[in-house]
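Just below is one structure, and these are the notes that go with it.
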Amino acid sequence: MHQRRSFLVLALITMGCQGAIDTSSFKDEEVSTSQPDQGISSSTDGIPALDDMGEVIGTDAGVPDAPGMPEGLAPAGMRLLTQAQYLNAMRDILEPEDGSQRIVAPDDLQPDPTSTADFTFTSELTYTVKVDAAAADRYARSSESICEQVFANASWRDQVIGCTPSSSQDPCLEDYITHTARRAWSRPPTPEELDRLLAVVIKSEQVLSLNEGIGFVTMAIFESPNFIYRPHLGQPDAEQAGAHRYTPYETADRLALLIWNSVPDDALLELAGSQGLDTPEQVRAQAERMLDDDRATRGILRFVQEWLGFDTLDNLTKDEDIFPLMTQTLGLAMKHELNTIFSERIFVEDGDVLELLTNRRIYINEELRRIYGIQEPVPAGQWEWREVPENWDRGGLLTSPGFMAMNATRTRTSPTLRGLFILERFLCSPINPAPNDLDTSILAEPIAGESVRQWNARIRSNPQCAACHNLMDPAGLTLEFFDGLGSHRSQDAGIDIEPSGTIFNTPLADSWALQEYLRDSPLSTECLTRQLARHAIGHDPLDAALPLARKAGEDGRRLKGMILDLVSSPLFLYGTPPLQASTPSE
Amino acid sequence: MASRFKLNRRTFLKGISGGVLTTLALPPLEAMLNTHGTALADGTDIPKNLGVWFWGNGVRPELWKPESVGQGNAWALSPELAALSAHKSRLSVLTNFDIQRSGTGHHVGRAAILTGTYDQRKGPYGNPTGPSISRIASQTWRGLTPYESLDVGIALRGKANSRPTEGAVIDESGSFLPVERSPRAVFNRFFDNFSPTIDTARQTALRDVRTTMLDAIKGDASDLKQRLGAADKLRLDAHLQGIRDLENNLANYENSVCELMFGEPGGRDDFFVDMDPGKEDLRLKHAIMSEMIALALACDLTRTFSITFSTMQSDVVFHQIGATEGSHVLTHDDRGLDVQLDPQYGLVNRSVEFMMTCYADLLDRLAAIDVGAQTLLDQCCILTTSEINDGTRHTYDSMPIVIAGNAGGTLRNDIHIDGGGASTNGVLLSCLRAVDIDIPDIGDVVHSTDQDVGELKA
């Protein structure tokens with residue numbers, strides 16, 4: 001069994017931010033375990049986290065140990081489709097491949113579950129979220145709205161059905177229903193299920209028309225809990241005592257949700273039904289095929305967006321008096337740049353995603369060019385790859401306008417938000433919010449004439465604030481060259497910018513040094529692996545992700561390779577037995 | 001077909017700011033009330049309604065609290081409540097009612113003021129463990145109306161850099177239920193069935209097919225349930241209940257008591273303006289939602305509602321009053337720094353005034369609909385509140401509370417009550433009991449009360 005050890009330093013950090021702990025307990029010799037030159041060693045093989053009660057998950061948290069059972073498994077259970085998966089699935093099944101028809105998203109799609117915790121993957125919430133009457137109604141209306149679009153259009157309808165049934169008894173109709181239900185539910189319908197669906201067509205043929213009936217039965221397939229929920233229940237496994245091995249159809253579904261953010265295609269379901277998806281090698285081969293499909297962009301970028309939280313750029317708002325370069329479309333442009341940079345790195349170059357931290361390539365339109373402060377204009381409506389000069393303060397992923405603007409307030413920079421982002425997303429080291437009884441009022445904003453760095457120093461000179469802010473803010477301070485919109489500045493409140501800082505007590509000269517640290521630290525490789533697993537299995541595997549992290553480090557942290565290793569590993573192929581008690585949905 | 005209530009035609013013809021819903025029209029109505037207008041013609045009571053109107057980040061206490069206590073002429077509205085002057089005789093203001101729990105903070109206040117419960121161990125900041133009062137009402141009245149409740153959200157932005165947080169409706173496990181944020185979605189859900197063009201024979205046929213579809217879906221759910229672990233079984237049960245409610249909706253529409261005509265079907269897109277999330281016309285959006293809530297209550301499509309005007313810790317930017325920072329940031333900025341009290345205290349104050357102006361629009365809509373001798377507003381108990389008192393200090397003593405409506409004559413109105421530090425749980429109990437939901441107590445193991453607010457009783 002894999003050895004579990006807590007990473008002492010980070011555990012202290014987290015506890016320190018739950019109460020007033022003396023930061024002198026944060027010792028240099030312990031810090032040295034996270035130095036970049038050490039590689040992944042047993043001394044760093046635990047990354048602390050908070051459970052949902054805000055407690056540190058220690059060495060003995062997680063899955064109860066059963067002999068031989070792989071660690072870190074998620075409980076087998078029923079997962080709710082996310083809003084994007086719902087829509088993608090209906091599009092993949094109902095839109096013609098030639099792109100001639102496109103489904104318009106309905107107004108009242110069921111929203112994704114949200115959490116009161118600041119950083120949670122949506123998939124982690126989909127295993128517990130409950131559907132109420134209003135949601136059931138939304139599912140009914142969405143299915144109706146989409147099927148109306150398809151079936152009100154004669155040529156689209158004919159393409160979808162693939163034949164012209166003469167009556168409800170026509171075998172081609174049963175083929176259509178069976179095929180559509182299998183795609184939607186990731187398994188063939190049972191005879192009982194098929195009978196119930198046929199009853200809808202028969203009834204409609206009697207009181208309305210056969211044609212309308214085909215629309216209604218399609219609606220029923222997409223309104224069924226067999227579609228809305230994805231039961232990944234598994235079977236008790238002979239080789240892994242106490243664990244459930246997901247069935248081939250369930251495995252197919254898990255692959256499609258992760259890689260395509262949608263449901264499987266016919267080819268994958270064929271294999272699942274014919275012993276073609278039984279072994280880890282077979283699963284890996286299919287995942288490889290799926291990653292080469294265009295739909296993989298959808299799934300993989302979904303992970304990247306949730307990991308780095310940049311979907312919030314959709315709603316970027318800034319004070320336009322302070323930031324005259326702010327426009328209505330700027331947030332979307334920032335998001336497009338980040339999506340494109342990742343998509344290029346993952347799908348075109350198949351390269352190291354953490355190396356992007358020290359990559360100077362940027363992707364800009366005219367709006368972003370002005371934020372970057374680059375001279376040569378970009379033609380209207382176009383996007384271009386450019387390179388940031390080496391002698392600039394700017395360079396590397398974190399200094400892109402998107403990350404700088406989203407981790408700032410409406411009017412100014414925030415070393416705290418930026419530092420927290422780095423700790424939480426890249427180092428899996430979340431910091432608790434300020435305690436309720438702590439009066440933060442005196443230091444809430446910079447006073448007139450004070451730079452953000454000076455104000456931040458006042459905050460950290462207060463012992464009560466320092467406990468947590470000393471962990472977050474010094475990393476964020478290295479990014480002070482970039483204002484609340486991500487534009488470069490050389491002064492703040494008339495004072496020259498000073499870009500130095502620290503992370504885990506390691507001195508940093510500037511943002512480039514910070515990014516080199518993150519690029520080289522074994523902790524960020526471990527964290528990336530763990531974040532990917534969290535997203536994929538809806539559960540934090542903690543230390544159990546470490547073998548995968550080692551492999552990822554050796555293989556150059558190529559995300560596609562990391563996904564292949566993950567999906568063919570026990571973490572993805574097995575679960576613990578389904579939960580027998582009710583769990584709160586938060 | 002007859003309407004249960006005598007709807008005041010002017011409500012709909014007059015329209016609302018921007019004239020958005022002015023294409024609504026009504027067919028001739030036939031009153032179904034008894035001759036005194038005090039009950040339905042069949043002798044049953046006119047239904048009562050319970051609502052919650054919630055906003056984030058509290059008030060400026062010195063400008064919120066009315067100067068004197070008492071009833072009628074004995075008290076006057078405070079500056080922050082001045083926008084409600086047209087309805088002073090139909091509401092009550094409660095001050096000095098405290099959340100009797102230790103600590104400070106948004107999460108404690110939100111949980112306790114909406115549900116009377118709070119568990120600090122639930123999630124990083126603590127959360128409720130029981131249902132909000134509108135949820136208690138909707139579950140008590142389940143099955144009596146086509147829809148359990150109508151829960152909407154107005155301002156889209158939550159705390160800065162995070163997803164919009166939850167609204168004001170919380171289920172039995174203390175989980176937040178989603179609220180509708182799109183007026184169009186509310187319209188589709190509640191009023192689509194009131195189409196003037198559909199023919200009855202076809203409607204019946206559609207209902208038959210729909211029943212067969214629901215049979216298939218319920219069958220699928222039962223089959224699936226057999227395979228699940230206990231935790232997932234509960235989730236599927238909740239879904240099944242939702243499906244059953246949909247089925248009831250179909251049956252209830254058969255006896256639909258309200259007939260609404262929409263002047264120009266197909267022109268409906270004009271009702272709803274697409275708004276930029278940063279610069280929404282919040283007053284207009286709220287007015288549209290209020291109009292639909294008034295219609296839904298009047299037609300007895302539901303008896304409970306909630307409006308989350310802004311969420312707990314909301315960072316909505318009230319550009320309407322000149323703010324450039326989010327509401328939550330604003331309430332923090334003004335703390336302690338005397339030199340900065342103005343303009344920031346002023347901005348907080350004006351944002352509360354703005355919200356109360358919007359709230360008055362809801363009361364206008366409800367008061368404009370006659371229900372026999374009274375108005376729809378009089379049939380309501382609306383708990384109007386926020387998650388804290390003073391955003392600057394995160395305090396939740398003397399919570400800001402307005403109770404609108406007299407719940408069919410059971411509550412006193414036009415009174416300012418000083419609670420003397422009594423528990424806010426008693427206020428929740430008063431509102432529930434006023435609409436005839438007689439629960440013995442409200443709260444949890446840490447704090448619970450069986451005492452409602454005596455002075456509030458008519």
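All residue names refer to the structure tokens as shown: chains lettered A, B, ... in order, residues numbered from 1 in each chain, ligands numbered from 1 in order.
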Residues at most 7 Å from range 416-428 of chain A, counting only C-alpha atoms, excluding those fewer than 6 positions away in the same chain, as a ChimeraX atom specification?
/A:47,307-308,407-408,469,472-473,475-476,523-524,527-528
I need the residues from that last selection saved to file as a CSV table (one decimal), in the first residue's frame (with N, CA and C atoms), if you can.
chain,number,residue,atom,x,y,z
A,47,ILE,N,-0.1,16.4,0.5
A,47,ILE,CA,-0.6,17.8,0.3
A,47,ILE,C,-1.8,18.0,1.1
A,307,TRP,N,-10.0,24.5,-13.4
A,307,TRP,CA,-8.8,24.5,-12.6
A,307,TRP,C,-8.3,26.0,-12.3
A,308,LEU,N,-8.3,26.8,-13.4
A,308,LEU,CA,-7.7,28.1,-13.2
A,308,LEU,C,-8.8,29.2,-13.1
A,407,ASN,N,-7.9,38.3,-10.9
A,407,ASN,CA,-7.5,38.3,-9.5
A,407,ASN,C,-7.1,39.8,-9.1
A,408,ALA,N,-8.1,40.6,-9.1
A,408,ALA,CA,-8.0,42.0,-8.8
A,408,ALA,C,-9.4,42.5,-8.4
A,469,HIS,N,-1.9,36.4,5.8
A,469,HIS,CA,-1.5,37.3,4.7
A,469,HIS,C,0.0,37.1,4.4
A,472,MET,N,0.0,34.4,1.7
A,472,MET,CA,-0.5,34.6,0.4
A,472,MET,C,0.1,35.8,-0.3
A,473,ASP,N,0.2,37.0,0.4
A,473,ASP,CA,0.4,38.2,-0.3
A,473,ASP,C,1.8,38.4,-0.9
A,475,ALA,N,3.6,36.4,-2.5
A,475,ALA,CA,3.7,35.8,-3.9
A,475,ALA,C,2.9,36.8,-4.8
A,476,GLY,N,1.8,37.3,-4.3
A,476,GLY,CA,1.0,38.2,-5.2
A,476,GLY,C,1.7,39.5,-5.4
A,523,LEU,N,5.8,20.3,-6.1
A,523,LEU,CA,4.4,20.5,-5.6
A,523,LEU,C,3.4,20.9,-6.7
A,524,SER,N,3.9,21.7,-7.6
A,524,SER,CA,2.9,22.1,-8.6
A,524,SER,C,2.6,21.0,-9.6
A,527,CYS,N,0.2,19.0,-7.6
A,527,CYS,CA,-1.1,19.7,-7.5
A,527,CYS,C,-1.9,19.6,-8.8
A,528,LEU,N,-1.2,19.8,-9.9
A,528,LEU,CA,-1.9,19.7,-11.2
A,528,LEU,C,-2.5,18.3,-11.4
Near-Ser92 in chain B list (9 Å; only C-alpha atoms; drop same-chain fewer than 2 positions) as a short mmCIF file (atom, residue, chain, number, x, y, z; two decimals) with N, CA, C and O atoms, in the first residue's frame:
data_model
loop_
_atom_site.label_atom_id
_atom_site.label_comp_id
_atom_site.auth_asym_id
_atom_site.auth_seq_id
_atom_site.Cartn_x
_atom_site.Cartn_y
_atom_site.Cartn_z
N GLN B 71 -47.77 52.70 17.01
CA GLN B 71 -48.61 52.40 15.86
C GLN B 71 -49.19 53.67 15.25
O GLN B 71 -49.37 54.68 15.94
N LYS B 88 -47.17 52.50 4.11
CA LYS B 88 -46.89 52.47 5.56
C LYS B 88 -48.01 51.78 6.33
O LYS B 88 -47.77 51.04 7.29
N SER B 89 -49.24 51.97 5.87
CA SER B 89 -50.37 51.38 6.60
C SER B 89 -50.48 49.87 6.36
O SER B 89 -51.31 49.21 6.97
N ARG B 90 -49.65 49.33 5.46
CA ARG B 90 -49.74 47.90 5.16
C ARG B 90 -48.48 47.14 5.55
O ARG B 90 -48.25 46.03 5.10
N LEU B 94 -39.68 46.08 12.33
CA LEU B 94 -39.24 45.47 13.58
C LEU B 94 -37.76 45.77 13.77
O LEU B 94 -36.95 45.48 12.89
N ILE B 401 -35.66 44.42 9.58
CA ILE B 401 -36.81 43.57 9.25
C ILE B 401 -38.04 44.43 8.95
O ILE B 401 -38.40 45.30 9.75
N VAL B 402 -38.64 44.17 7.82
CA VAL B 402 -39.96 44.73 7.52
C VAL B 402 -40.89 43.55 7.28
O VAL B 402 -40.51 42.59 6.61
N ILE B 403 -42.07 43.60 7.87
CA ILE B 403 -43.10 42.62 7.55
C ILE B 403 -44.17 43.34 6.77
O ILE B 403 -44.78 44.30 7.27
N ALA B 404 -44.38 42.91 5.51
CA ALA B 404 -45.40 43.56 4.70
C ALA B 404 -46.62 42.66 4.61
O ALA B 404 -46.50 41.44 4.52
N GLY B 405 -47.79 43.27 4.62
CA GLY B 405 -49.04 42.53 4.55
C GLY B 405 -49.52 42.15 5.94
O GLY B 405 -48.76 42.16 6.91
N ARG B 412 -50.85 42.80 12.79
CA ARG B 412 -51.00 44.25 12.89
C ARG B 412 -50.07 44.92 11.89
O ARG B 412 -48.93 44.51 11.72
N ASN B 413 -50.54 45.98 11.28
CA ASN B 413 -49.70 46.76 10.38
C ASN B 413 -49.55 48.18 10.92
O ASN B 413 -50.16 48.55 11.91
N ASP B 414 -48.69 48.92 10.20
CA ASP B 414 -48.42 50.32 10.57
C ASP B 414 -47.93 50.44 12.01
O ASP B 414 -48.37 51.28 12.77
N ILE B 415 -46.99 49.59 12.36
CA ILE B 415 -46.45 49.61 13.71
C ILE B 415 -44.93 49.46 13.65
O ILE B 415 -44.40 48.75 12.78
N HIS B 416 -44.23 50.18 14.50
CA HIS B 416 -42.79 49.96 14.68
C HIS B 416 -42.59 49.32 16.04
O HIS B 416 -42.90 49.92 17.06
N ILE B 417 -42.09 48.09 16.04
CA ILE B 417 -41.92 47.33 17.27
C ILE B 417 -40.45 47.29 17.65
O ILE B 417 -39.60 46.94 16.81
N LEU B 456 -47.17 41.79 17.29
CA LEU B 456 -47.44 41.78 15.86
C LEU B 456 -48.82 41.20 15.56
O LEU B 456 -49.35 41.32 14.46
#
Would you give me, as number ranges by chain, the residues in range 29-119 of chain B that DSSP reads as alpha helix (DSSP H)?
B: 61-64, 106-115
Go ahead and save the picked residues with N, CA and C atoms, as a tab-separated table (two decimals), in the first residue's frame.
chain	number	residue	atom	x	y	z
B	61	PRO	N	-27.50	51.46	9.95
B	61	PRO	CA	-28.48	51.35	11.04
B	61	PRO	C	-29.05	52.70	11.50
B	62	GLU	N	-28.20	53.74	11.54
B	62	GLU	CA	-28.68	55.02	12.06
B	62	GLU	C	-29.70	55.65	11.11
B	63	LEU	N	-29.69	55.22	9.85
B	63	LEU	CA	-30.64	55.77	8.89
B	63	LEU	C	-31.79	54.82	8.59
B	64	TRP	N	-31.70	53.63	9.13
B	64	TRP	CA	-32.72	52.61	8.89
B	64	TRP	C	-33.77	52.63	10.00
B	106	HIS	N	-21.51	37.16	7.70
B	106	HIS	CA	-22.61	37.04	6.75
B	106	HIS	C	-23.30	35.68	6.85
B	107	HIS	N	-22.48	34.62	6.97
B	107	HIS	CA	-23.07	33.28	6.88
B	107	HIS	C	-23.99	32.96	8.06
B	108	VAL	N	-23.59	33.38	9.25
B	108	VAL	CA	-24.44	33.15	10.42
B	108	VAL	C	-25.77	33.86	10.21
B	109	GLY	N	-25.67	35.13	9.82
B	109	GLY	CA	-26.87	35.95	9.68
B	109	GLY	C	-27.83	35.40	8.64
B	110	ARG	N	-27.27	35.03	7.49
B	110	ARG	CA	-28.15	34.52	6.43
B	110	ARG	C	-28.87	33.25	6.88
B	111	ALA	N	-28.09	32.33	7.45
B	111	ALA	CA	-28.70	31.07	7.87
B	111	ALA	C	-29.79	31.33	8.90
B	112	ALA	N	-29.49	32.14	9.93
B	112	ALA	CA	-30.41	32.31	11.04
B	112	ALA	C	-31.64	33.13	10.65
B	113	ILE	N	-31.48	34.16	9.83
B	113	ILE	CA	-32.62	35.02	9.53
B	113	ILE	C	-33.59	34.34	8.56
B	114	LEU	N	-33.09	33.38	7.79
B	114	LEU	CA	-33.98	32.71	6.83
B	114	LEU	C	-34.53	31.40	7.37
B	115	THR	N	-33.75	30.72	8.22
B	115	THR	CA	-34.18	29.38	8.66
B	115	THR	C	-34.29	29.25	10.18
So which bits of range 215-275 of chain A end up strand (DSSP E or B) when you DSSP the backbone, as a list in words?
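After running DSSP on the backbone, range 215-275 of chain A has strand (DSSP E or B) at Tyr229, Arg230, Pro231, His232, Gln235, Pro236, His244 and Arg245 of chain A.
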Restricted to C-alpha atoms, what would the selected residues look like written as a tab-separated table (two decimals), in the first residue's frame?
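Wrote it out as part05.tsv, contents follow:
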chain	number	residue	atom	x	y	z
A	229	TYR	CA	-28.07	11.21	-14.09
A	230	ARG	CA	-25.09	9.07	-14.93
A	231	PRO	CA	-25.12	6.11	-12.54
A	232	HIS	CA	-21.56	4.88	-12.22
A	235	GLN	CA	-19.62	-4.22	-9.65
A	236	PRO	CA	-17.76	-5.74	-6.70
A	244	HIS	CA	-16.24	-1.64	-7.27
A	245	ARG	CA	-15.01	-1.90	-10.83
Minimum-distance residue to Arg303 in chain B, chosen among B:Cys381, B:Phe187, B:Leu177, B:Ile170 (using only C-alpha atoms):
B:Cys381
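One distance worth recording is that between CA of Leu144 in chain B and CA of Val435 in chain B, which is 14.6 Å.
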Using only C-alpha atoms, which protein or nucleic acid residues come within 10 Å of range 146-149 of chain B? Drop anything in the same chain fewer than 3 positions from it, and give the result as number ranges by chain.
A: 133-134, 137; B: 50-51, 134-135, 137-143, 152, 169, 189-190, 242, 245-253, 256, 293, 296-297, 300-306
Under the rule that only C-alpha atoms are counted, which of B:Glu291, B:Asp171, B:Asp98, B:Glu325 is the nearest residue to chain A?
B:Glu325
As a PyMOL selection string, please: the residues near Leu208 in chain A (cut-off 9 Å, only C-alpha atoms, same-chain neighbours under 4 positions excluded).
(chain A and resi 203-204+212-213) or (chain B and resi 202+205-206+209)
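When only C-alpha atoms are used to measure the gap to chain B, the shortest distance among A:Ala256, A:Leu579, A:Val160, A:Leu518 belongs to A:Leu579.
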d(CA of Pro415 in chain A, CA of Ala448 in chain A) in Å:
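Here the two named atoms are 18.1 Å from each other.
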Skipping near chain neighbours, those fewer than 3 positions away, what residues fall within 9 Å of Ile177 in chain A using only C-alpha atoms, listed as a ChimeraX atom specification?
/A:161,172-174,180-182,194,197-198,214,217-218,221
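The nearest approach to Ala296 in chain A among the residues A:Asn462, A:Thr128, A:Ser166, A:Ser262, with only C-alpha atoms taken into account, belongs to A:Ser262.
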Residues at most 12 Å from Ala230 in chain B, counting only C-alpha atoms, excluding those fewer than 4 positions away in the same chain, as a ChimeraX atom specification?
/A:76-78,128,577-583 /B:225-226,234-237
Could you write out that same residue set with C-alpha atoms as a PDB file, in the first residue's frame?
ATOM      1  CA  ALA A  76     -19.384   4.797  -6.801  1.00  0.00           C
ATOM      2  CA  GLY A  77     -22.596   6.721  -7.364  1.00  0.00           C
ATOM      3  CA  MET A  78     -24.869   8.775  -9.487  1.00  0.00           C
ATOM      4  CA  THR A 128     -24.621  14.900  -4.258  1.00  0.00           C
ATOM      5  CA  PRO A 577     -19.037   0.889  -2.742  1.00  0.00           C
ATOM      6  CA  PRO A 578     -21.930   3.356  -3.125  1.00  0.00           C
ATOM      7  CA  LEU A 579     -22.665   5.503  -0.073  1.00  0.00           C
ATOM      8  CA  GLN A 580     -25.310   4.012   2.145  1.00  0.00           C
ATOM      9  CA  ALA A 581     -26.085   7.124   4.176  1.00  0.00           C
ATOM     10  CA  SER A 582     -27.365  10.471   3.149  1.00  0.00           C
ATOM     11  CA  THR A 583     -24.738  13.161   2.701  1.00  0.00           C
TER      12      THR A 583
ATOM     13  CA  LYS B 225     -33.655   3.374  -7.948  1.00  0.00           C
ATOM     14  CA  GLN B 226     -33.369  -0.388  -7.446  1.00  0.00           C
ATOM     15  CA  LEU B 234     -32.838   9.800  -1.617  1.00  0.00           C
ATOM     16  CA  ARG B 235     -31.712  11.999  -4.467  1.00  0.00           C
ATOM     17  CA  LEU B 236     -33.794  10.082  -6.954  1.00  0.00           C
ATOM     18  CA  ASP B 237     -36.779  10.215  -4.605  1.00  0.00           C
TER      19      ASP B 237
END
Among the residues A:Arg196, A:Arg550, A:Arg453, A:Arg141, the one that comes closest to chain B [using only C-alpha atoms]
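Among the listed residues, A:Arg196 lies closest to chain B.
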Considering only C-alpha atoms, return as a count of residues only whatever protein or nucleic-acid residues lie within 9 Å of range 557-573 of chain A, sequence-local ones (same chain, fewer than 3 positions apart) excluded.
49
Nearest residue to Gly373 in chain A out of A:Ile322, A:Leu301, A:Val452, A:Val388, using only C-alpha atoms?
A:Val388
Using CA of Gly242 in chain A and CA of Pro75 in chain A as the two end points, give the distance in Å to one decimal.
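Going from CA of Gly242 in chain A over to CA of Pro75 in chain A, I get 11.4 Å.
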